[in-house]
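To be precise, the following lines are input-v3.tsv, and they hold TSV, C-alpha atoms and all ligand atoms.
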chain	number	residue	atom	x	y	z
P	815	MET	CA	116.03	137.34	-66.67
P	816	ASN	CA	117.86	140.32	-68.02
P	817	PHE	CA	118.28	141.26	-71.68
P	818	THR	CA	117.99	144.40	-73.72
P	819	PHE	CA	115.71	145.29	-76.60
P	820	ARG	CA	118.83	145.83	-78.66
P	821	GLN	CA	119.89	142.20	-78.05
P	822	LEU	CA	116.42	141.16	-79.16
P	823	GLN	CA	116.80	143.08	-82.41
P	824	VAL	CA	120.25	141.55	-83.05
P	825	PHE	CA	118.84	138.09	-82.33
P	826	GLN	CA	116.03	138.63	-84.86
P	827	ALA	CA	118.45	139.83	-87.52
P	828	VAL	CA	120.55	136.68	-87.05
P	829	VAL	CA	117.41	134.50	-87.25
P	830	GLN	CA	116.38	136.27	-90.43
P	831	HIS	CA	119.76	135.92	-92.17
P	832	LEU	CA	121.06	132.78	-90.41
P	833	SER	CA	124.49	134.38	-90.64
P	834	TYR	CA	126.34	136.64	-88.21
P	835	THR	CA	128.08	138.37	-91.09
P	836	ARG	CA	124.90	139.23	-93.01
P	837	ALA	CA	123.07	140.22	-89.80
P	838	ALA	CA	125.99	142.54	-88.99
P	839	GLU	CA	125.72	144.14	-92.46
P	840	ALA	CA	121.96	144.64	-92.06
P	841	LEU	CA	122.47	146.29	-88.67
P	842	TYR	CA	125.54	148.32	-89.69
P	843	LEU	CA	127.55	146.56	-86.99
P	844	SER	CA	130.77	144.55	-87.10
P	845	GLN	CA	130.50	140.78	-87.12
P	846	PRO	CA	132.27	140.47	-83.70
P	847	ALA	CA	129.79	143.00	-82.22
P	848	VAL	CA	126.89	140.80	-83.35
P	849	SER	CA	128.56	137.62	-81.98
P	850	MET	CA	129.18	139.44	-78.69
P	851	GLN	CA	125.53	140.53	-78.36
P	852	ILE	CA	124.29	136.97	-79.03
P	853	LYS	CA	126.84	135.52	-76.58
P	854	GLN	CA	125.69	137.93	-73.86
P	855	LEU	CA	122.05	137.16	-74.62
P	856	GLU	CA	122.70	133.43	-74.36
P	857	GLU	CA	124.55	133.96	-71.07
P	858	ASN	CA	121.70	136.07	-69.71
P	859	LEU	CA	119.13	133.44	-70.67
P	860	GLY	CA	121.31	130.50	-69.67
P	861	VAL	CA	120.65	128.61	-72.93
P	862	ALA	CA	122.26	128.33	-76.37
P	863	LEU	CA	120.06	129.95	-79.03
P	864	PHE	CA	122.02	128.96	-82.13
P	865	GLU	CA	124.11	125.93	-83.12
P	866	GLN	CA	126.71	125.69	-85.83
P	867	GLN	CA	126.35	122.90	-88.41
P	868	GLY	CA	129.22	123.02	-90.83
P	869	LYS	CA	129.28	126.56	-92.20
P	870	ARG	CA	125.66	127.28	-91.31
P	871	ILE	CA	123.93	128.24	-88.08
P	872	HIS	CA	120.49	127.08	-86.94
P	873	LEU	CA	118.13	127.87	-84.11
P	874	THR	CA	118.24	125.41	-81.20
P	875	GLU	CA	114.93	124.29	-79.63
P	876	PRO	CA	115.20	126.96	-76.88
P	877	GLY	CA	116.17	129.37	-79.66
P	878	LYS	CA	112.87	128.59	-81.50
P	879	GLU	CA	110.90	129.20	-78.29
P	880	PHE	CA	112.70	132.46	-77.68
P	881	ASP	CA	112.10	133.46	-81.30
P	882	TYR	CA	108.33	133.08	-80.78
P	883	TYR	CA	108.36	135.46	-77.81
P	884	ALA	CA	110.81	137.83	-79.47
P	885	ARG	CA	108.32	138.28	-82.34
P	886	ARG	CA	105.47	138.96	-79.95
P	887	ILE	CA	107.52	141.49	-77.98
P	888	THR	CA	108.52	143.27	-81.18
P	889	GLN	CA	104.90	143.38	-82.36
P	890	LEU	CA	103.82	144.93	-79.08
P	891	VAL	CA	106.58	147.50	-79.22
P	892	ASP	CA	105.50	148.42	-82.77
P	893	GLU	CA	101.93	148.73	-81.54
P	894	VAL	CA	102.99	151.07	-78.72
P	895	ASP	CA	104.85	153.13	-81.28
P	896	ASP	CA	101.71	153.46	-83.46
P	897	VAL	CA	99.50	154.36	-80.51
P	898	VAL	CA	101.92	157.02	-79.29
P	899	LYS	CA	102.19	158.49	-82.79
P	900	ASP	CA	98.39	158.61	-82.96
P	901	LEU	CA	98.18	160.29	-79.57
P	902	ARG	CA	100.66	162.88	-80.70
P	903	GLY	CA	98.56	163.56	-83.77
P	904	LEU	CA	95.32	165.49	-83.96
P	905	GLY	CA	92.92	162.65	-84.50
P	906	HIS	CA	92.55	161.53	-80.91
P	907	GLY	CA	93.31	162.77	-77.44
P	908	ARG	CA	91.69	165.20	-75.06
P	909	LEU	CA	91.20	168.92	-74.96
P	910	SER	CA	90.42	170.66	-71.70
P	911	VAL	CA	89.33	174.30	-71.93
P	912	SER	CA	88.46	176.62	-69.05
P	913	VAL	CA	86.80	179.96	-69.61
P	914	ALA	CA	85.59	182.96	-67.62
P	915	THR	CA	81.85	182.94	-66.89
P	916	THR	CA	81.09	185.58	-69.51
P	917	ALA	CA	83.08	183.78	-72.23
P	918	GLY	CA	80.89	180.70	-71.73
P	919	SER	CA	78.24	181.95	-74.14
P	920	PHE	CA	80.38	182.17	-77.26
P	921	THR	CA	82.83	179.43	-76.27
P	922	THR	CA	80.10	176.78	-76.30
P	923	ARG	CA	79.15	177.70	-79.88
P	924	LEU	CA	82.78	177.82	-80.86
P	925	LEU	CA	83.51	174.41	-79.31
P	926	ALA	CA	80.52	172.87	-81.06
P	927	ASP	CA	82.05	173.85	-84.40
P	928	PHE	CA	85.53	172.72	-83.36
P	929	ALA	CA	84.17	169.36	-82.14
P	930	HIS	CA	82.66	168.70	-85.59
P	931	ARG	CA	86.11	169.05	-87.10
P	932	TYR	CA	87.71	166.65	-84.61
P	933	PRO	CA	84.97	164.15	-83.70
P	934	GLN	CA	87.39	161.72	-82.02
P	935	VAL	CA	88.73	164.27	-79.55
P	936	GLN	CA	87.26	164.27	-76.05
P	937	ILE	CA	86.58	167.88	-75.13
P	938	SER	CA	85.77	169.24	-71.70
P	939	LEU	CA	84.73	172.82	-70.91
P	940	ASP	CA	84.80	174.42	-67.48
P	941	VAL	CA	82.94	177.75	-67.24
P	942	THR	CA	84.12	179.23	-63.99
P	943	ASN	CA	85.22	182.29	-62.01
P	944	ARG	CA	88.55	184.04	-62.25
P	945	GLU	CA	90.01	182.62	-59.04
P	946	THR	CA	89.45	179.08	-60.25
P	947	LEU	CA	90.98	180.01	-63.59
P	948	TYR	CA	94.14	181.29	-61.87
P	949	ARG	CA	94.43	178.06	-59.88
P	950	GLN	CA	93.91	175.92	-62.97
P	951	LEU	CA	96.58	177.84	-64.85
P	952	GLU	CA	99.09	177.59	-62.00
P	953	ASN	CA	98.44	173.88	-61.42
P	954	ASN	CA	98.41	173.05	-65.12
P	955	GLU	CA	94.89	171.64	-64.79
P	956	CYS	CA	93.69	172.56	-68.28
P	957	ASP	CA	95.15	173.09	-71.75
P	958	VAL	CA	94.15	176.70	-72.31
P	959	VAL	CA	92.10	179.41	-70.61
P	960	ILE	CA	89.95	182.12	-72.19
P	961	MET	CA	89.49	185.13	-69.93
P	962	GLY	CA	89.39	188.91	-69.79
P	963	ARG	CA	92.52	190.90	-68.94
P	964	PRO	CA	94.82	188.35	-67.26
P	965	PRO	CA	96.50	189.10	-63.93
P	966	ALA	CA	100.01	190.54	-63.98
P	967	THR	CA	100.91	188.24	-61.07
P	968	LEU	CA	100.99	185.11	-63.27
P	969	ASP	CA	103.71	184.49	-65.84
P	970	LEU	CA	101.31	183.92	-68.72
P	971	HIS	CA	101.38	183.69	-72.46
P	972	ALA	CA	98.32	185.83	-73.26
P	973	GLU	CA	97.06	186.72	-76.73
P	974	PRO	CA	94.13	189.14	-77.18
P	975	PHE	CA	91.84	187.85	-79.93
P	976	MET	CA	88.50	189.67	-79.78
P	977	ASP	CA	86.85	192.79	-78.38
P	978	ASN	CA	84.44	192.35	-75.50
P	979	PRO	CA	82.13	195.40	-75.38
P	980	LEU	CA	80.25	195.97	-72.12
P	981	VAL	CA	76.88	197.64	-72.61
P	982	MET	CA	74.09	198.87	-70.35
P	983	VAL	CA	70.77	197.05	-70.43
P	984	ALA	CA	67.34	197.93	-69.09
P	985	PRO	CA	63.88	196.36	-69.25
P	986	ALA	CA	62.20	196.87	-72.63
P	987	ASP	CA	59.81	199.52	-71.28
P	988	HIS	CA	62.45	201.63	-69.48
P	989	PRO	CA	61.85	205.41	-69.85
P	990	LEU	CA	65.41	206.06	-71.08
P	991	ALA	CA	65.12	203.42	-73.82
P	992	GLY	CA	64.73	205.83	-76.76
P	993	GLU	CA	67.27	208.48	-75.66
P	994	LYS	CA	70.61	209.09	-77.36
P	995	ALA	CA	74.01	209.52	-75.69
P	996	ILE	CA	72.67	209.53	-72.14
P	997	ALA	CA	75.21	211.03	-69.72
P	998	LEU	CA	76.68	208.55	-67.23
P	999	ALA	CA	75.87	211.00	-64.41
P	1000	ARG	CA	72.16	210.31	-65.03
P	1001	PHE	CA	72.75	206.85	-63.52
P	1002	ALA	CA	74.23	208.14	-60.25
P	1003	SER	CA	71.04	207.32	-58.38
P	1004	GLU	CA	70.14	204.15	-60.32
P	1005	LYS	CA	70.58	200.70	-58.80
P	1006	PHE	CA	72.60	198.04	-60.66
P	1007	VAL	CA	72.45	194.27	-60.57
P	1008	VAL	CA	76.10	193.14	-60.59
P	1009	ARG	CA	78.34	190.11	-60.81
P	1010	GLU	CA	80.22	188.85	-57.77
P	1011	ALA	CA	83.37	190.64	-56.54
P	1012	GLY	CA	86.27	189.20	-58.53
P	1013	SER	CA	84.40	189.15	-61.82
P	1014	GLY	CA	86.38	190.91	-64.54
P	1015	THR	CA	83.19	192.55	-65.83
P	1016	ARG	CA	82.36	193.89	-62.36
P	1017	ARG	CA	85.83	195.32	-61.90
P	1018	ALA	CA	85.74	197.05	-65.30
P	1019	ILE	CA	82.36	198.65	-64.56
P	1020	GLU	CA	83.46	199.93	-61.13
P	1021	GLN	CA	86.62	201.34	-62.69
P	1022	HIS	CA	84.60	203.09	-65.42
P	1023	PHE	CA	82.27	204.80	-62.92
P	1024	ALA	CA	85.23	205.75	-60.70
P	1025	ASP	CA	87.10	207.22	-63.70
P	1026	HIS	CA	84.06	209.40	-64.44
P	1027	GLU	CA	83.51	210.21	-60.77
P	1028	VAL	CA	79.95	208.91	-60.86
P	1029	PRO	CA	78.68	206.93	-57.84
P	1030	PHE	CA	77.92	203.30	-58.61
P	1031	ASN	CA	75.10	201.75	-56.56
P	1032	THR	CA	74.38	198.06	-56.53
P	1033	VAL	CA	71.14	196.35	-55.58
P	1034	MET	CA	72.15	192.71	-55.75
P	1035	GLU	CA	75.09	190.43	-56.66
P	1036	MET	CA	74.71	187.39	-58.89
P	1037	THR	CA	77.24	184.88	-60.17
P	1038	THR	CA	75.88	184.39	-63.68
P	1039	ASN	CA	74.98	186.71	-66.54
P	1040	GLU	CA	71.81	184.69	-67.12
P	1041	ALA	CA	70.55	185.53	-63.62
P	1042	ILE	CA	71.46	189.20	-64.08
P	1043	LYS	CA	69.53	189.43	-67.34
P	1044	GLN	CA	66.47	187.80	-65.75
P	1045	ALA	CA	66.72	190.21	-62.81
P	1046	VAL	CA	66.89	193.24	-65.12
P	1047	ALA	CA	63.94	191.98	-67.18
P	1048	ALA	CA	62.01	191.56	-63.93
P	1049	GLY	CA	62.67	195.21	-62.99
P	1050	LEU	CA	65.17	194.71	-60.16
P	1051	GLY	CA	67.62	197.24	-61.59
P	1052	LEU	CA	69.88	198.04	-64.52
P	1053	ALA	CA	73.01	196.14	-65.51
P	1054	ILE	CA	76.14	196.40	-67.57
P	1055	VAL	CA	77.03	193.14	-69.29
P	1056	SER	CA	79.06	191.88	-72.21
P	1057	ARG	CA	77.20	192.27	-75.49
P	1058	HIS	CA	78.35	188.71	-76.23
P	1059	THR	CA	75.82	187.45	-73.67
P	1060	LEU	CA	72.84	189.41	-75.00
P	1061	GLU	CA	72.01	188.22	-78.48
P	1062	LEU	CA	68.77	186.38	-77.65
P	1063	GLU	CA	67.33	188.91	-75.21
P	1064	LEU	CA	67.87	191.84	-77.57
P	1065	ARG	CA	66.37	189.94	-80.48
P	1066	ALA	CA	63.37	188.86	-78.41
P	1067	ARG	CA	63.11	192.44	-77.07
P	1068	VAL	CA	63.10	191.24	-73.48
P	1069	LEU	CA	65.87	193.79	-72.78
P	1070	GLN	CA	66.91	197.10	-74.32
P	1071	GLN	CA	70.45	198.31	-74.79
P	1072	LEU	CA	70.70	201.91	-73.53
P	1073	ASP	CA	72.69	204.43	-75.57
P	1074	VAL	CA	75.00	205.77	-72.85
P	1075	ALA	CA	77.78	208.28	-73.62
P	1076	GLY	CA	81.22	206.66	-73.16
P	1077	LEU	CA	79.85	203.12	-73.44
P	1078	PRO	CA	80.55	200.41	-74.43
P	1079	ILE	CA	83.36	199.84	-71.97
P	1080	SER	CA	85.88	198.07	-74.10
P	1081	ARG	CA	87.49	194.92	-72.80
P	1082	GLN	CA	89.19	192.14	-74.70
P	1083	TRP	CA	89.25	188.38	-74.67
P	1084	TYR	CA	92.59	186.64	-74.21
P	1085	MET	CA	93.80	183.14	-75.04
P	1086	THR	CA	96.12	182.24	-72.17
P	1087	TYR	CA	98.37	179.51	-70.81
P	1088	MET	CA	101.45	179.52	-68.58
P	1089	ARG	CA	104.60	180.73	-70.29
P	1090	GLY	CA	106.79	177.74	-71.10
P	1091	LYS	CA	103.89	175.28	-71.32
P	1092	ARG	CA	104.03	173.11	-74.44
P	1093	LEU	CA	100.58	172.86	-75.97
P	1094	SER	CA	99.46	169.45	-77.26
P	1095	PRO	CA	98.78	169.37	-81.04
P	1096	ILE	CA	95.01	169.47	-80.45
P	1097	ALA	CA	95.34	172.37	-77.97
P	1098	GLU	CA	97.47	174.19	-80.53
P	1099	ALA	CA	94.81	173.55	-83.21
P	1100	PHE	CA	92.16	174.94	-80.85
P	1101	ARG	CA	94.26	178.01	-80.08
P	1102	GLU	CA	94.65	178.74	-83.81
P	1103	PHE	CA	90.95	178.14	-84.39
P	1104	VAL	CA	89.97	180.61	-81.67
P	1105	LEU	CA	92.42	183.29	-82.77
P	1106	HIS	CA	91.14	183.22	-86.35
P	1107	ASN	CA	87.45	182.34	-85.98
P	1108	ALA	CA	86.10	183.59	-82.65
P	1109	ALA	CA	84.41	186.64	-84.21
P	1110	ARG	CA	82.09	184.32	-86.18
P	1111	PHE	CA	80.51	183.11	-82.94
P	1112	VAL	CA	79.36	186.43	-81.51
P	1113	ALA	CA	76.70	188.82	-82.79
P	1114	PRO	CA	78.24	191.68	-84.85
M	1	LIG	P1	83.92	187.58	-65.86
M	1	LIG	O1	85.11	187.69	-66.88
M	1	LIG	O2	82.92	186.61	-66.43
M	1	LIG	O3	84.63	187.08	-64.64
M	1	LIG	O4	83.34	188.92	-65.64
M	1	LIG	C1	85.01	188.38	-68.05
M	1	LIG	C2	86.07	189.43	-68.12
M	1	LIG	O5	87.09	189.32	-67.39
M	1	LIG	O6	85.89	190.37	-68.91
How does the structure come out when it is put into structure tokens?
Amino acid sequence: MNFTFRQLQVFQAVVQHLSYTRAAEALYLSQPAVSMQIKQLEENLGVALFEQQGKRIHLTEPGKEFDYYARRITQLVDEVDDVVKDLRGLGHGRLSVSVATTAGSFTTRLLADFAHRYPQVQISLDVTNRETLYRQLENNECDVVIMGRPPATLDLHAEPFMDNPLVMVAPADHPLAGEKAIALARFASEKFVVREAGSGTRRAIEQHFADHEVPFNTVMEMTTNEAIKQAVAAGLGLAIVSRHTLELELRARVLQQLDVAGLPISRQWYMTYMRGKRLSPIAEAFREFVLHNAARFVAP
């Protein structure tokens, strides 16, 4: 069986008006065009759908059967149309966000607020390392990525939206805790607990020490900021971490922020996606939300 949706629409107009002429007017077609569509439809189906009685036309028995299915098909098509419109809108759909490890702390708070605004949207968050973020961007595996300075090797749309100050932390009872503007050189023989190679934070710290020609000694690598903070509190060494990860420890006085000359190291957070990617409406709403509200979700 082979007929077009257009033929179905013409058929329904003729059923509604029981006149080729009036159906043609309703469809802005000529009367012969309507007759031609019905003739082709009848040929395709192999049955007559209408019969002429005097000046009037009527549905044949096969025509009545076909009419029943034509209505059901049209209803389904209307339903598809509604669903697709809904999907295009903001009410439903999915949002997939990937963020650098360090951005995980404020992004979770930020997403909690965003999720309250769009309760029907399914949101997923991947907190991961930079290499995975690059792969996800390249393979279009998520809607947007939040990371530190993005790599020049990817053709990205990248918007900076918030400062990311890196500060030095020590255990609460550290002897340098009360001092002001401590020279970086004083840390030349200290040991630091650091993130894994490839971490944006790690790279920024190494660069800072190199720029000031101060040796940078590490005692242990860890893949999360949580582990680093625990290690510092336990006396394993010092660390430089994003202030955005420290709120609770500073308030609970588990850690101290040291006043080091030239710190904080200033980095920025970027909202990124591949250039040319078309964001879904909900991803676009999230992007706007982050650009204008992110500062509310970190300690001042
Ligand atoms: P990181 O990323 O968690 O990989 O260190 C943060 C940043 O790039 O500043």
Counting all atoms listed in the file, what residues are within 7 Å of ligand LIG 1 (chain M), given as a list in words?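 Listed by chain and ascending number, the contacts are Ala914, Thr915, Thr916, Ala917, Asn943, Arg944, Met961, Gly962, Arg963, Gly1012, Ser1013, Gly1014, Thr1015, Arg1016, Arg1081, Gln1082 and Trp1083 of chain P.
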Pick out the residues sitting within 10 Å of P:Glu1004, and hand them over as a PyMOL selection string; count only C-alpha atoms, and ignore anything fewer than 5 positions along from it in its own chain. chain P and resi 999+1029-1033+1051-1053
Counting all atoms listed in the file, the option among P:Ser1094, P:Val1112, P:Ser849, P:Ile996 closest to P:Ala837: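 For P:Ala837, the nearest of the candidates is P:Ser849.
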Top pick for closest residue to P:Val824, considering P:Leu1093, P:Val848, P:Ile871, P:Leu1105 and counting only C-alpha atoms: P:Val848
Hey, can you pull every residue with an atom no more than 10 Å from (56.2, 197.0, -75.2), using only C-alpha atoms, and send it as a PDB file with C-alpha atoms, in the coordinates of the input?
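Below is the file point02.pdb, written as the result:
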ATOM      1  CA  PRO P 985      63.880 196.360 -69.250  1.00  0.00           C
ATOM      2  CA  ALA P 986      62.200 196.870 -72.630  1.00  0.00           C
ATOM      3  CA  ASP P 987      59.810 199.520 -71.280  1.00  0.00           C
ATOM      4  CA  HIS P 988      62.450 201.630 -69.480  1.00  0.00           C
ATOM      5  CA  ARG P1067      63.110 192.440 -77.070  1.00  0.00           C
ATOM      6  CA  VAL P1068      63.100 191.240 -73.480  1.00  0.00           C
TER       7      VAL P1068
END
Missing atoms of stretch 914-925 of chain P rebuilt to all heavy atoms, written as a compact mmCIF listing (two decimals), keeping the file's coordinate frame:
# COMPACT_ATOMS: atom_id res chain seq x y z
N ALA P 914 86.28 182.07 -68.56
CA ALA P 914 85.59 182.96 -67.62
C ALA P 914 84.09 182.86 -67.87
O ALA P 914 83.66 182.60 -69.00
CB ALA P 914 86.06 184.39 -67.83
N THR P 915 83.31 183.07 -66.82
CA THR P 915 81.85 182.94 -66.89
C THR P 915 81.27 183.59 -68.16
O THR P 915 80.51 182.98 -68.89
CB THR P 915 81.23 183.61 -65.64
OG1 THR P 915 81.89 183.08 -64.50
CG2 THR P 915 79.75 183.37 -65.55
N THR P 916 81.66 184.84 -68.39
CA THR P 916 81.09 185.58 -69.51
C THR P 916 81.48 185.00 -70.87
O THR P 916 80.73 185.10 -71.83
CB THR P 916 81.53 187.07 -69.43
OG1 THR P 916 81.12 187.57 -68.16
CG2 THR P 916 80.93 187.90 -70.53
N ALA P 917 82.64 184.36 -70.95
CA ALA P 917 83.08 183.78 -72.23
C ALA P 917 82.33 182.48 -72.54
O ALA P 917 82.38 181.99 -73.66
CB ALA P 917 84.58 183.52 -72.19
N GLY P 918 81.60 181.97 -71.54
CA GLY P 918 80.89 180.70 -71.73
C GLY P 918 79.93 180.74 -72.91
O GLY P 918 79.80 179.76 -73.65
N SER P 919 79.28 181.89 -73.11
CA SER P 919 78.24 181.95 -74.14
C SER P 919 78.81 181.71 -75.54
O SER P 919 78.28 180.89 -76.28
CB SER P 919 77.54 183.31 -74.09
OG SER P 919 78.49 184.35 -74.16
N PHE P 920 79.88 182.39 -75.91
CA PHE P 920 80.38 182.17 -77.26
C PHE P 920 81.28 180.94 -77.35
O PHE P 920 81.39 180.32 -78.40
CB PHE P 920 81.07 183.42 -77.84
CG PHE P 920 82.41 183.75 -77.24
CD1 PHE P 920 83.57 183.16 -77.73
CD2 PHE P 920 82.52 184.67 -76.20
CE1 PHE P 920 84.81 183.49 -77.19
CE2 PHE P 920 83.74 184.99 -75.66
CZ PHE P 920 84.89 184.38 -76.16
N THR P 921 81.92 180.58 -76.22
CA THR P 921 82.83 179.43 -76.27
C THR P 921 82.07 178.13 -76.55
O THR P 921 82.57 177.25 -77.25
CB THR P 921 83.63 179.28 -74.97
OG1 THR P 921 84.18 180.53 -74.62
CG2 THR P 921 84.75 178.28 -75.14
N THR P 922 80.86 178.01 -76.04
CA THR P 922 80.10 176.78 -76.30
C THR P 922 79.80 176.64 -77.80
O THR P 922 79.95 175.57 -78.36
CB THR P 922 78.79 176.76 -75.50
OG1 THR P 922 78.22 178.05 -75.54
CG2 THR P 922 79.01 176.37 -74.06
N ARG P 923 79.43 177.74 -78.44
CA ARG P 923 79.15 177.70 -79.88
C ARG P 923 80.43 177.38 -80.65
O ARG P 923 80.43 176.59 -81.59
CB ARG P 923 78.59 179.04 -80.35
CG ARG P 923 77.19 179.32 -79.84
CD ARG P 923 76.56 180.47 -80.63
NE ARG P 923 77.13 181.76 -80.28
CZ ARG P 923 76.67 182.54 -79.30
NH1 ARG P 923 75.62 182.16 -78.61
NH2 ARG P 923 77.22 183.70 -79.04
N LEU P 924 81.50 178.01 -80.21
CA LEU P 924 82.78 177.82 -80.86
C LEU P 924 83.27 176.36 -80.73
O LEU P 924 83.73 175.75 -81.69
CB LEU P 924 83.74 178.78 -80.16
CG LEU P 924 85.05 179.15 -80.74
CD1 LEU P 924 85.38 180.57 -80.34
CD2 LEU P 924 86.09 178.25 -80.18
N LEU P 925 83.08 175.80 -79.54
CA LEU P 925 83.51 174.41 -79.31
C LEU P 925 82.66 173.42 -80.10
O LEU P 925 83.15 172.39 -80.53
CB LEU P 925 83.44 174.07 -77.82
CG LEU P 925 84.69 174.43 -77.01
CD1 LEU P 925 84.47 174.13 -75.54
CD2 LEU P 925 85.92 173.68 -77.51
